[in-house]
$ cat entry_37.cif   # mmCIF, C-alpha atoms and all ligand atoms
data_coords
#
loop_
_atom_site.label_atom_id
_atom_site.label_comp_id
_atom_site.auth_asym_id
_atom_site.auth_seq_id
_atom_site.Cartn_x
_atom_site.Cartn_y
_atom_site.Cartn_z
CA MET N 1 -14.42 -1.07 -2.64
CA THR N 2 -11.30 0.82 -1.57
CA VAL N 3 -11.29 4.56 -2.13
CA GLN N 4 -8.16 5.10 -4.14
CA PRO N 5 -6.19 8.30 -4.20
CA SER N 6 -5.13 8.19 -7.84
CA SER N 7 -6.79 7.07 -11.06
CA THR N 8 -5.48 5.47 -14.23
CA ALA N 9 -6.88 8.30 -16.33
CA ALA N 10 -9.10 11.33 -16.07
CA ALA N 11 -12.86 10.80 -15.91
CA GLU N 12 -14.32 10.83 -19.37
CA THR N 13 -18.03 10.69 -18.72
CA SER N 14 -18.87 12.19 -22.11
CA VAL N 15 -17.40 9.17 -23.90
CA LEU N 16 -18.80 6.47 -21.61
CA PRO N 17 -20.40 3.55 -23.44
CA ALA N 18 -24.12 3.08 -22.76
CA SER N 19 -23.64 0.29 -20.17
CA LEU N 20 -21.25 2.46 -18.13
CA ARG N 21 -23.48 5.52 -18.44
CA ALA N 22 -26.38 3.51 -17.03
CA HIS N 23 -24.33 2.51 -13.98
CA ALA N 24 -22.83 5.97 -13.52
CA LYS N 25 -26.34 7.24 -12.78
CA TYR N 26 -26.35 5.23 -9.54
CA LEU N 27 -22.73 5.24 -8.35
CA LEU N 28 -21.40 8.04 -6.15
CA ASN N 29 -19.12 10.06 -8.36
CA VAL N 30 -15.86 9.92 -6.40
CA TYR N 31 -13.66 7.90 -8.76
CA ALA N 32 -12.03 9.23 -11.94
CA ARG N 33 -12.05 6.10 -14.08
CA PRO N 34 -11.28 5.50 -17.75
CA PRO N 35 -14.18 4.15 -19.84
CA LEU N 36 -13.20 0.51 -19.53
CA MET N 37 -15.33 -2.33 -18.14
CA PHE N 38 -13.30 -5.30 -16.99
CA THR N 39 -15.11 -8.60 -16.76
CA HIS N 40 -12.33 -11.03 -15.90
CA GLY N 41 -8.62 -11.45 -15.38
CA GLU N 42 -5.90 -14.03 -15.54
CA GLY N 43 -2.42 -13.70 -14.04
CA CYS N 44 -1.06 -10.28 -15.01
CA TYR N 45 -3.86 -9.57 -17.48
CA LEU N 46 -7.30 -7.97 -17.27
CA TYR N 47 -9.92 -8.47 -19.98
CA GLU N 48 -12.50 -5.96 -21.19
CA GLU N 49 -16.04 -6.84 -22.14
CA SER N 50 -14.96 -6.81 -25.80
CA GLY N 51 -12.24 -9.38 -25.07
CA ARG N 52 -9.43 -6.81 -25.34
CA ARG N 53 -6.53 -7.72 -23.08
CA TYR N 54 -4.58 -5.31 -20.84
CA LEU N 55 -1.30 -5.97 -19.10
CA ASP N 56 -2.02 -4.92 -15.52
CA PHE N 57 0.97 -3.23 -13.90
CA THR N 58 -1.31 -1.76 -11.21
CA ALA N 59 -2.35 -5.10 -9.65
CA GLY N 60 -5.35 -3.37 -8.08
CA ILE N 61 -2.87 -0.86 -6.58
CA ALA N 62 -0.47 -3.41 -5.14
CA VAL N 63 -3.23 -5.80 -4.05
CA ASN N 64 -3.29 -8.74 -6.48
CA ALA N 65 0.13 -10.04 -5.49
CA LEU N 66 -0.58 -13.50 -6.90
CA GLY N 67 -2.26 -12.08 -10.01
CA HIS N 68 -5.87 -12.24 -11.14
CA ALA N 69 -8.03 -15.36 -10.89
CA ASP N 70 -5.24 -17.34 -9.29
CA PRO N 71 -6.39 -21.00 -9.24
CA GLY N 72 -5.04 -21.61 -5.71
CA VAL N 73 -6.80 -18.55 -4.28
CA ALA N 74 -10.00 -19.41 -6.18
CA GLU N 75 -9.97 -22.92 -4.75
CA VAL N 76 -9.51 -21.69 -1.16
CA VAL N 77 -12.24 -19.06 -1.56
CA ALA N 78 -14.68 -21.64 -2.93
CA GLN N 79 -13.83 -24.21 -0.27
CA GLN N 80 -14.12 -21.75 2.60
CA ALA N 81 -17.35 -20.30 1.18
CA ARG N 82 -18.80 -23.80 1.34
CA GLU N 83 -17.56 -24.29 4.93
CA LEU N 84 -17.93 -20.98 6.81
CA VAL N 85 -17.88 -17.36 5.67
CA HIS N 86 -18.68 -15.41 8.82
CA THR N 87 -19.23 -15.91 12.53
CA SER N 88 -18.57 -12.35 13.85
CA ASN N 89 -16.07 -12.00 16.67
CA LEU N 90 -18.57 -13.44 19.12
CA TYR N 91 -16.97 -16.85 18.47
CA HIS N 92 -13.67 -18.51 17.63
CA HIS N 93 -12.76 -20.15 14.33
CA PRO N 94 -9.38 -21.62 13.35
CA HIS N 95 -8.23 -19.30 10.55
CA SER N 96 -7.64 -15.91 12.19
CA GLY N 97 -5.40 -17.48 14.83
CA HIS N 98 -3.54 -19.42 12.14
CA LEU N 99 -2.94 -16.29 10.06
CA ALA N 100 -1.90 -14.29 13.14
CA GLU N 101 0.62 -17.01 14.01
CA MET N 102 2.05 -16.97 10.47
CA LEU N 103 2.44 -13.18 10.52
CA VAL N 104 4.00 -13.04 13.98
CA GLU N 105 6.30 -16.03 13.57
CA GLY N 106 7.22 -15.07 9.99
CA SER N 107 8.20 -11.57 11.16
CA ASN N 108 10.02 -12.82 14.24
CA ALA N 109 12.02 -15.31 12.18
CA VAL N 110 13.67 -12.26 10.57
CA ARG N 111 13.72 -9.88 13.58
CA PRO N 112 13.24 -12.00 16.71
CA GLY N 113 10.73 -10.68 19.23
CA THR N 114 9.30 -7.88 17.08
CA PHE N 115 5.62 -8.79 17.24
CA GLY N 116 3.38 -10.75 19.58
CA LYS N 117 -0.25 -9.99 18.70
CA VAL N 118 -2.42 -9.29 15.64
CA PHE N 119 -5.74 -7.48 15.24
CA PHE N 120 -7.59 -8.06 11.96
CA SER N 121 -9.61 -5.37 10.20
CA ASN N 122 -11.24 -5.07 6.79
CA SER N 123 -8.95 -2.56 5.10
CA GLY N 124 -5.72 -0.65 5.43
CA THR N 125 -7.48 2.42 6.74
CA GLU N 126 -9.03 0.42 9.54
CA ALA N 127 -5.69 -1.19 10.39
CA ASN N 128 -4.28 2.33 10.79
CA GLU N 129 -7.32 3.37 12.83
CA ALA N 130 -6.63 0.44 15.17
CA ALA N 131 -2.98 1.49 15.44
CA LEU N 132 -3.95 5.10 16.21
CA LYS N 133 -6.40 4.00 18.89
CA LEU N 134 -3.77 1.71 20.37
CA ALA N 135 -1.35 4.66 20.38
CA ARG N 136 -3.78 6.96 22.17
CA LYS N 137 -4.46 4.29 24.77
CA TRP N 138 -0.71 3.71 25.08
CA GLY N 139 -0.23 7.41 25.80
CA LYS N 140 -2.95 7.33 28.46
CA THR N 141 -1.40 4.24 30.06
CA GLN N 142 2.01 5.93 30.24
CA SER N 143 0.41 8.94 31.91
CA ALA N 144 -1.26 6.84 34.60
CA GLY N 145 -1.57 8.80 37.83
CA LYS N 146 -1.76 12.15 36.05
CA LYS N 147 -5.14 13.88 36.08
CA THR N 148 -5.22 14.34 32.30
CA SER N 149 -2.99 12.72 29.76
CA THR N 150 -1.14 15.05 27.45
CA LYS N 151 0.62 12.15 25.75
CA THR N 152 -1.77 12.22 22.80
CA GLY N 153 0.29 13.64 19.93
CA VAL N 154 0.87 11.74 16.69
CA VAL N 155 3.68 12.67 14.31
CA ALA N 156 3.29 11.76 10.64
CA PHE N 157 5.04 12.84 7.44
CA SER N 158 4.63 14.68 4.17
CA GLY N 159 3.80 12.54 1.15
CA ALA N 160 2.38 9.70 3.22
CA PHE N 161 -1.05 8.22 2.60
CA HIS N 162 -2.70 6.47 5.52
CA GLY N 163 -6.37 6.31 4.50
CA ARG N 164 -9.54 8.34 4.41
CA SER N 165 -11.32 7.81 7.72
CA MET N 166 -11.15 10.84 10.01
CA GLY N 167 -8.26 9.39 12.05
CA ALA N 168 -6.20 8.04 9.14
CA LEU N 169 -6.91 11.23 7.20
CA SER N 170 -5.67 13.31 10.12
CA ALA N 171 -2.36 11.47 9.77
CA THR N 172 -2.29 12.07 6.00
CA ALA N 173 -0.56 15.37 5.24
CA THR N 174 -1.58 15.95 1.63
CA GLU N 175 -3.97 18.88 1.54
CA LYS N 176 -6.17 17.74 -1.34
CA TYR N 177 -7.33 14.81 0.79
CA ARG N 178 -7.68 16.76 4.05
CA LEU N 179 -8.93 20.26 3.36
CA PRO N 180 -12.52 19.45 2.30
CA PHE N 181 -13.08 17.59 5.57
CA GLU N 182 -11.50 19.78 8.22
CA PRO N 183 -11.68 20.06 11.18
CA LEU N 184 -10.01 16.67 11.58
CA VAL N 185 -8.89 14.84 14.72
CA PRO N 186 -6.70 17.10 16.89
CA GLY N 187 -3.21 16.18 18.01
CA PHE N 188 -1.60 15.31 14.66
CA ARG N 189 1.43 17.10 13.24
CA HIS N 190 3.23 16.59 9.95
CA GLU N 191 6.94 16.79 9.39
CA THR N 192 9.03 16.50 6.24
CA PHE N 193 9.57 12.90 5.22
CA ASP N 194 13.15 11.71 5.64
CA ASP N 195 14.24 14.92 7.39
CA ILE N 196 16.27 13.87 10.42
CA LYS N 197 16.72 17.46 11.64
CA ALA N 198 13.02 17.75 12.51
CA VAL N 199 12.80 14.49 14.46
CA ASN N 200 14.00 15.51 17.94
CA LYS N 201 11.96 18.70 18.07
CA ALA N 202 8.78 17.17 16.67
CA ILE N 203 8.71 14.05 18.83
CA THR N 204 8.29 15.06 22.46
CA GLU N 205 7.14 13.66 25.81
CA ASP N 206 3.61 14.49 24.59
CA THR N 207 3.94 12.21 21.56
CA CYS N 208 2.17 8.85 21.85
CA ALA N 209 3.10 7.62 18.35
CA VAL N 210 5.00 8.23 15.15
CA LEU N 211 3.34 6.88 12.02
CA VAL N 212 5.45 6.44 8.91
CA GLU N 213 5.53 4.52 5.62
CA PRO N 214 9.14 3.30 5.41
CA MET N 215 8.67 3.25 1.63
CA GLN N 216 5.95 5.60 0.45
CA GLY N 217 3.62 4.34 -2.28
CA GLU N 218 0.99 6.98 -3.04
CA GLY N 219 3.50 9.74 -2.28
CA GLY N 220 5.56 8.72 -5.33
CA ILE N 221 7.72 5.73 -4.27
CA ASN N 222 9.93 7.54 -1.77
CA ILE N 223 12.29 5.30 0.16
CA ALA N 224 13.17 6.37 3.73
CA SER N 225 16.88 6.47 4.51
CA GLU N 226 18.16 4.15 7.24
CA PRO N 227 19.43 7.06 9.41
CA PHE N 228 15.92 8.57 9.32
CA LEU N 229 14.21 5.38 10.55
CA ARG N 230 16.96 4.87 13.13
CA ALA N 231 16.46 8.42 14.40
CA LEU N 232 12.71 7.82 14.70
CA ARG N 233 13.27 4.58 16.63
CA LYS N 234 15.78 6.23 18.95
CA ARG N 235 13.58 9.24 19.64
CA CYS N 236 10.47 7.07 20.21
CA ASP N 237 12.46 5.11 22.79
CA GLU N 238 13.59 8.31 24.49
CA VAL N 239 10.03 9.64 24.91
CA ASN N 240 8.30 6.26 25.20
CA ALA N 241 6.20 6.69 22.04
CA LEU N 242 5.15 3.88 19.70
CA LEU N 243 6.80 3.65 16.28
CA ILE N 244 4.17 2.54 13.76
CA TYR N 245 5.12 1.44 10.25
CA ASP N 246 2.39 1.61 7.65
CA GLU N 247 3.41 -1.24 5.31
CA ILE N 248 0.00 -1.46 3.70
CA GLN N 249 1.44 -0.82 0.25
CA CYS N 250 5.14 -1.57 0.60
CA GLY N 251 4.90 -4.70 2.77
CA LEU N 252 4.26 -8.40 2.36
CA GLY N 253 6.78 -9.34 -0.29
CA ARG N 254 6.45 -6.34 -2.63
CA THR N 255 10.06 -5.27 -2.04
CA GLY N 256 11.50 -8.80 -2.07
CA LYS N 257 11.40 -9.20 1.71
CA LEU N 258 8.47 -10.07 3.96
CA TRP N 259 8.31 -6.46 5.23
CA ALA N 260 9.90 -3.38 3.72
CA HIS N 261 11.57 -2.57 7.06
CA HIS N 262 13.52 -5.83 6.78
CA HIS N 263 15.74 -3.92 4.33
CA TYR N 264 16.88 -1.80 7.30
CA ALA N 265 19.07 -2.56 10.30
CA ASP N 266 17.82 -4.14 13.54
CA ASP N 267 17.68 -0.78 15.30
CA CYS N 268 14.95 0.39 12.91
CA VAL N 269 12.25 -2.08 14.03
CA PRO N 270 8.74 -0.77 14.77
CA ASP N 271 6.45 -1.44 17.74
CA VAL N 272 3.42 -1.69 15.48
CA LEU N 273 2.98 -2.49 11.78
CA THR N 274 -0.10 -2.20 9.59
CA SER N 275 -0.73 -4.40 6.56
CA ALA N 276 -3.63 -4.89 4.17
CA LYS N 277 -3.65 -4.72 0.38
CA PRO N 278 -2.13 -8.06 -0.76
CA LEU N 279 -2.89 -9.98 2.43
CA ALA N 280 -5.77 -11.94 0.87
CA ASN N 281 -5.03 -11.13 -2.80
CA GLY N 282 -8.10 -8.89 -3.14
CA ILE N 283 -10.50 -10.28 -0.54
CA PRO N 284 -10.83 -7.31 1.87
CA ILE N 285 -8.65 -7.62 4.97
CA GLY N 286 -6.30 -5.52 7.07
CA ALA N 287 -4.04 -6.34 9.99
CA MET N 288 -2.30 -4.54 12.81
CA LEU N 289 0.73 -6.39 14.20
CA THR N 290 1.98 -5.17 17.56
CA SER N 291 4.63 -6.00 20.09
CA ASP N 292 3.35 -7.72 23.25
CA ARG N 293 4.38 -4.64 25.22
CA ALA N 294 2.20 -2.29 23.14
CA ALA N 295 -0.66 -4.79 22.88
CA SER N 296 -0.97 -5.07 26.63
CA CYS N 297 -2.51 -1.59 26.91
CA LEU N 298 -5.72 -2.50 25.06
CA GLY N 299 -8.28 -4.39 27.08
CA LEU N 300 -11.42 -6.40 26.44
CA GLY N 301 -14.02 -4.52 24.43
CA GLU N 302 -11.79 -1.52 23.73
CA HIS N 303 -11.66 -2.16 20.00
CA GLY N 304 -13.52 -4.42 17.60
CA THR N 305 -15.23 -4.96 14.26
CA THR N 306 -18.03 -7.12 12.86
CA PHE N 307 -16.24 -8.41 9.77
CA GLY N 308 -12.56 -8.16 10.69
CA GLY N 309 -10.79 -11.50 11.04
CA ALA N 310 -13.67 -13.49 9.56
CA PRO N 311 -13.09 -17.07 8.38
CA LEU N 312 -13.09 -16.29 4.64
CA PRO N 313 -10.50 -13.49 4.41
CA THR N 314 -8.20 -15.00 7.03
CA ARG N 315 -8.27 -18.46 5.44
CA VAL N 316 -7.34 -16.84 2.12
CA GLY N 317 -4.68 -14.86 4.00
CA VAL N 318 -3.18 -18.11 5.29
CA HIS N 319 -2.93 -19.33 1.70
CA VAL N 320 -1.46 -16.05 0.39
CA VAL N 321 1.12 -15.56 3.16
CA GLY N 322 2.09 -19.24 2.88
CA ARG N 323 2.92 -18.72 -0.79
CA ILE N 324 4.59 -15.30 -0.52
CA ASN N 325 6.72 -15.82 2.57
CA THR N 326 9.18 -18.35 1.17
CA PRO N 327 12.81 -17.60 0.26
CA GLU N 328 12.19 -18.74 -3.34
CA PHE N 329 9.20 -16.46 -3.85
CA LEU N 330 10.83 -13.42 -2.25
CA ASP N 331 14.12 -13.93 -4.10
CA ASN N 332 12.17 -14.11 -7.33
CA VAL N 333 10.48 -10.77 -6.55
CA THR N 334 13.95 -9.24 -6.15
CA ARG N 335 15.14 -10.86 -9.40
CA VAL N 336 12.19 -9.80 -11.58
CA GLY N 337 12.05 -6.43 -9.82
CA ASN N 338 15.66 -5.74 -10.81
CA GLN N 339 14.93 -6.92 -14.32
CA LEU N 340 11.88 -4.66 -14.65
CA ARG N 341 13.64 -1.64 -13.17
CA LYS N 342 16.64 -2.15 -15.47
CA GLY N 343 14.29 -2.57 -18.47
CA LEU N 344 12.53 0.70 -17.62
CA GLU N 345 15.84 2.49 -17.04
CA ASP N 346 17.12 1.31 -20.43
CA VAL N 347 14.01 2.63 -22.14
CA CYS N 348 13.77 5.90 -20.19
CA VAL N 349 17.41 6.90 -20.59
CA ALA N 350 16.67 7.83 -24.23
CA PHE N 351 14.03 10.36 -23.11
CA PRO N 352 15.76 12.69 -20.64
CA GLU N 353 13.35 15.53 -21.48
CA LEU N 354 10.46 13.39 -20.30
CA VAL N 355 11.77 11.17 -17.48
CA ALA N 356 13.75 12.35 -14.47
CA GLU N 357 14.38 9.12 -12.55
CA VAL N 358 13.54 5.43 -12.15
CA ARG N 359 13.64 4.28 -8.52
CA GLY N 360 12.32 1.61 -6.19
CA VAL N 361 12.95 -1.68 -4.47
CA GLY N 362 11.80 -5.08 -5.72
CA LEU N 363 8.47 -4.64 -7.49
CA LEU N 364 7.71 -1.29 -5.86
CA ILE N 365 8.96 0.90 -8.69
CA GLY N 366 8.38 4.57 -9.43
CA VAL N 367 9.25 6.46 -12.59
CA GLU N 368 9.40 10.18 -12.02
CA PHE N 369 8.45 12.32 -14.98
CA ARG N 370 9.35 15.95 -15.53
CA GLN N 371 5.65 16.84 -15.79
CA ASP N 372 2.25 15.45 -14.83
CA PRO N 373 2.39 11.92 -16.27
CA SER N 374 -1.37 11.44 -16.81
CA ARG N 375 -1.01 11.79 -20.62
CA PHE N 376 1.66 9.06 -20.55
CA VAL N 377 -0.57 6.79 -18.45
CA LYS N 378 -3.31 7.27 -21.06
CA LEU N 379 -0.97 6.54 -23.97
CA CYS N 380 0.05 3.29 -22.25
CA MET N 381 -3.56 2.35 -21.59
CA GLU N 382 -4.41 2.88 -25.27
CA ARG N 383 -1.60 0.44 -26.07
CA GLY N 384 -2.78 -2.14 -23.55
CA LEU N 385 -0.69 -1.39 -20.44
CA LEU N 386 -2.35 -0.31 -17.19
CA LEU N 387 -0.43 1.99 -14.82
CA VAL N 388 -1.30 4.21 -11.89
CA ALA N 389 0.15 7.60 -11.02
CA ALA N 390 1.58 8.48 -7.60
CA GLY N 391 2.60 11.77 -6.03
CA ARG N 392 2.68 14.73 -8.39
CA GLN N 393 4.85 13.44 -11.24
CA THR N 394 5.49 9.76 -10.70
CA VAL N 395 4.10 6.64 -12.33
CA ARG N 396 3.89 3.62 -10.05
CA VAL N 397 4.85 0.24 -11.48
CA VAL N 398 3.42 -2.38 -9.11
CA PRO N 399 2.58 -5.52 -11.13
CA PRO N 400 1.55 -8.82 -9.53
CA LEU N 401 4.52 -10.33 -7.70
CA THR N 402 4.17 -13.30 -10.05
CA VAL N 403 5.07 -11.20 -13.11
CA GLY N 404 7.35 -13.05 -15.53
CA GLU N 405 9.94 -12.23 -18.17
CA THR N 406 7.45 -12.26 -21.07
CA GLU N 407 5.21 -9.72 -19.37
CA ILE N 408 8.20 -7.56 -18.44
CA ALA N 409 9.30 -7.57 -22.09
CA GLU N 410 5.77 -6.65 -23.21
CA GLY N 411 5.44 -3.93 -20.58
CA THR N 412 8.76 -2.29 -21.42
CA ARG N 413 7.96 -2.46 -25.17
CA ILE N 414 4.66 -0.63 -24.65
CA TRP N 415 6.42 1.80 -22.30
CA ARG N 416 8.90 2.64 -25.08
CA GLU N 417 6.14 3.09 -27.67
CA ALA N 418 4.19 5.39 -25.35
CA LEU N 419 7.31 7.46 -24.57
CA GLU N 420 7.98 7.79 -28.33
CA ALA N 421 4.40 8.98 -28.85
CA LEU N 422 4.67 11.42 -25.93
CA ASP N 423 7.97 12.75 -27.24
CA LYS N 424 6.46 13.34 -30.69
CA GLU N 425 3.67 15.36 -29.04
CA ARG N 426 6.25 17.32 -27.04
CA VAL N 427 8.28 18.17 -30.17
CA ALA N 428 5.12 19.07 -32.13
CA SER N 429 3.92 21.45 -29.41
CA ALA N 430 7.35 23.08 -28.85
C1 LIG K 501 0.32 3.15 2.64
C2 LIG K 501 -1.18 3.07 2.67
N1 LIG K 501 -1.81 3.14 3.85
C3 LIG K 501 -3.14 3.06 3.96
C4 LIG K 501 -3.93 2.93 2.83
C5 LIG K 501 -5.41 2.81 2.96
O1 LIG K 501 -5.77 1.48 2.74
P1 LIG K 501 -7.25 1.10 2.29
O2 LIG K 501 -7.49 1.78 0.99
O3 LIG K 501 -7.23 -0.41 2.20
O4 LIG K 501 -8.18 1.55 3.34
C6 LIG K 501 -3.32 2.86 1.57
C7 LIG K 501 -4.13 2.75 0.35
O5 LIG K 501 -3.75 3.09 -0.72
C8 LIG K 501 -1.91 2.94 1.50
O6 LIG K 501 -1.27 2.89 0.33
#

$ encode --input "entry_37.cif" --output "structure tokens"
Amino acid sequence: MTVQPSSTAAAETSVLPASLRAHAKYLLNVYARPPLMFTHGEGCYLYEESGRRYLDFTAGIAVNALGHADPGVAEVVAQQARELVHTSNLYHHPHSGHLAEMLVEGSNAVRPGTFGKVFFSNSGTEANEAALKLARKWGKTQSAGKKTSTKTGVVAFSGAFHGRSMGALSATATEKYRLPFEPLVPGFRHETFDDIKAVNKAITEDTCAVLVEPMQGEGGINIASEPFLRALRKRCDEVNALLIYDEIQCGLGRTGKLWAHHHYADDCVPDVLTSAKPLANGIPIGAMLTSDRAASCLGLGEHGTTFGGAPLPTRVGVHVVGRINTPEFLDNVTRVGNQLRKGLEDVCVAFPELVAEVRGVGLLIGVEFRQDPSRFVKLCMERGLLLVAAGRQTVRVVPPLTVGETEIAEGTRIWREALEALDKERVASA
């Protein structure tokens, strides 16, 4: 299970039903979860034990791109489970190579020559760990001949979330995630996201990599400006550092293009890209895509994993990428994304005391509130709409990429009702 940075509601252990209380005794208490027990899903909906239906605009935090219990995914999982689940990386099987080819060729069809090689992991965190190890090795390779390499620095940015392992956490600036676990890995520095002024000073000859989410998810749906990414690319070239895009949340169709960075100009391309969440629609998988140039610095045995790139997740990945990376599918994400954003804007405009801004690209949408939105998230949940917070005051709207007009109408209706309820509470407490 992925450790998630935000919850749909505050922990309410005192009101847990008996079945949940029994389980809570055994589960490590690190997740703040509402007292709901989901037993199955279908498309954009999740169903509780009681049969109550919830419209899921979290999609497992941008994971279930093709929705829940998708028949195509279910068929591939069942078929592959009957054929071959795991071999370890001691041996070859056809599916990891097939998926790697689809990711490389699919990316290069948009930006020729960007990527050449793929490493598969089991999660986003591990994809970032692979990228950080590659970067450190890259730095060492560039310092060949010197007694000790000083090219070990990694520059990352405020608001970003890169994962919870010691390396990925070292790249994550937000203090609430870092402080309990310090000291972390040395050599990381954090700059202000989207601040071009800091770029030249922060990225030096001692920098081996810059790690950035071009569109931040957990940080509150913050979209990097093109000049910022261009400045990072230019500076990385000047000092021979790797530019790594973490597209674990914003990539793979969520913004209406294969990768979020495809919304930017050619001179904003990365050397390395990490992907995970939707890659196998919920079967754990992560991937690091790298240019041939960067890949060449890692040799045999220098990185690896038991489960990463196994037959089951990569075969499902082949199915998922095959369905997402078509012009029709991606154009539809843009179309429904615009529709959903416009629907939310139309509703929110009547509540200026509550909502500051609706922003986003495709189906990566954030609604910034004027205060902590957890009460609003709860009011929506009570009315059958699931949402997840991001950053300090933002609600993320990241439904399955297959969301349709009926679900958008239902979601915006519940959104309006919850805002009305929240506004009544605001007036009553004034
Ligand atoms: C941008 C980004 N990077 C990395 C991660 C970590 O991925 P995982 O939870 O699969 O380890 C996340 C998870 O939320 C993420 O949003």

$ atom_distance --input "entry_37.cif" --atom1 "CA of Leu66 (chain N)" --atom2 "CA of Glu42 (chain N)"
10.2 Å

$ residues_near_ligand --input "entry_37.cif" --ligand "ligand LIG 501 (chain K)" --cutoff "10 Å" --atoms "only C-alpha atoms and all ligand atoms" --output "PyMOL selection string"
chain N and resi 1-6+60-63+121-129+160-165+168-169+172+212-219+245-251+274-278+284-286

$ closest_residue --input "entry_37.cif" --among "N:Ala350, N:Ala310, N:Leu103, N:Val85" --to "Arg416 (chain N)" --atoms "all atoms listed in the file"
N:Ala350

$ atom_distance --input "entry_37.cif" --atom1 "CA of Ala144 (chain N)" --atom2 "CA of Phe119 (chain N)"
24.5 Å

$ atom_distance --input "entry_37.cif" --atom1 "CA of Phe181 (chain N)" --atom2 "CA of Asn29 (chain N)"
16.9 Å

$ residues_around --input "entry_37.cif" --residues "Val395 (chain N)" --least-positions-apart "3" --cutoff "8 Å" --atoms "all atoms listed in the file" --output "VMD selection string"
chain N and resid 220 366 to 369 373 377 387 to 390

$ closest_residue --input "entry_37.cif" --among "N:Leu273, N:Val318, N:Gly139, N:Gly41" --to "Pro71 (chain N)" --atoms "all atoms listed in the file"
N:Gly41

$ residues_around --input "entry_37.cif" --residues "Gly51 (chain N)" --least-positions-apart "6" --cutoff "10 Å" --atoms "only C-alpha atoms" --output "PyMOL selection string"
chain N and resi 38-40

$ residues_near_point --input "entry_37.cif" --point "(-14.7, -23.3, 5.1)" --cutoff "10 Å" --atoms "only C-alpha atoms" --output "list in words"
Val76, Val77, Ala78, Gln79, Gln80, Ala81, Arg82, Glu83, Leu84, Val85, His86, His93, Pro94, His95, Pro311, Leu312 and Arg315 of chain N

$ residues_around --input "entry_37.cif" --residues "Glu405 (chain N)" --least-positions-apart "4" --cutoff "12 Å" --atoms "all atoms listed in the file" --output "PyMOL selection string"
chain N and resi 44+332-333+335-340+343+401+409-412

$ write_last_selection --input "entry_37.cif" --atoms "C-alpha atoms" --output "PDB file, in the coordinates of the input"
ATOM      1  CA  CYS N  44      -1.060 -10.280 -15.010  1.00  0.00           C
ATOM      2  CA  ASN N 332      12.170 -14.110  -7.330  1.00  0.00           C
ATOM      3  CA  VAL N 333      10.480 -10.770  -6.550  1.00  0.00           C
ATOM      4  CA  ARG N 335      15.140 -10.860  -9.400  1.00  0.00           C
ATOM      5  CA  VAL N 336      12.190  -9.800 -11.580  1.00  0.00           C
ATOM      6  CA  GLY N 337      12.050  -6.430  -9.820  1.00  0.00           C
ATOM      7  CA  ASN N 338      15.660  -5.740 -10.810  1.00  0.00           C
ATOM      8  CA  GLN N 339      14.930  -6.920 -14.320  1.00  0.00           C
ATOM      9  CA  LEU N 340      11.880  -4.660 -14.650  1.00  0.00           C
ATOM     10  CA  GLY N 343      14.290  -2.570 -18.470  1.00  0.00           C
ATOM     11  CA  LEU N 401       4.520 -10.330  -7.700  1.00  0.00           C
ATOM     12  CA  ALA N 409       9.300  -7.570 -22.090  1.00  0.00           C
ATOM     13  CA  GLU N 410       5.770  -6.650 -23.210  1.00  0.00           C
ATOM     14  CA  GLY N 411       5.440  -3.930 -20.580  1.00  0.00           C
ATOM     15  CA  THR N 412       8.760  -2.290 -21.420  1.00  0.00           C
TER      16      THR N 412
END
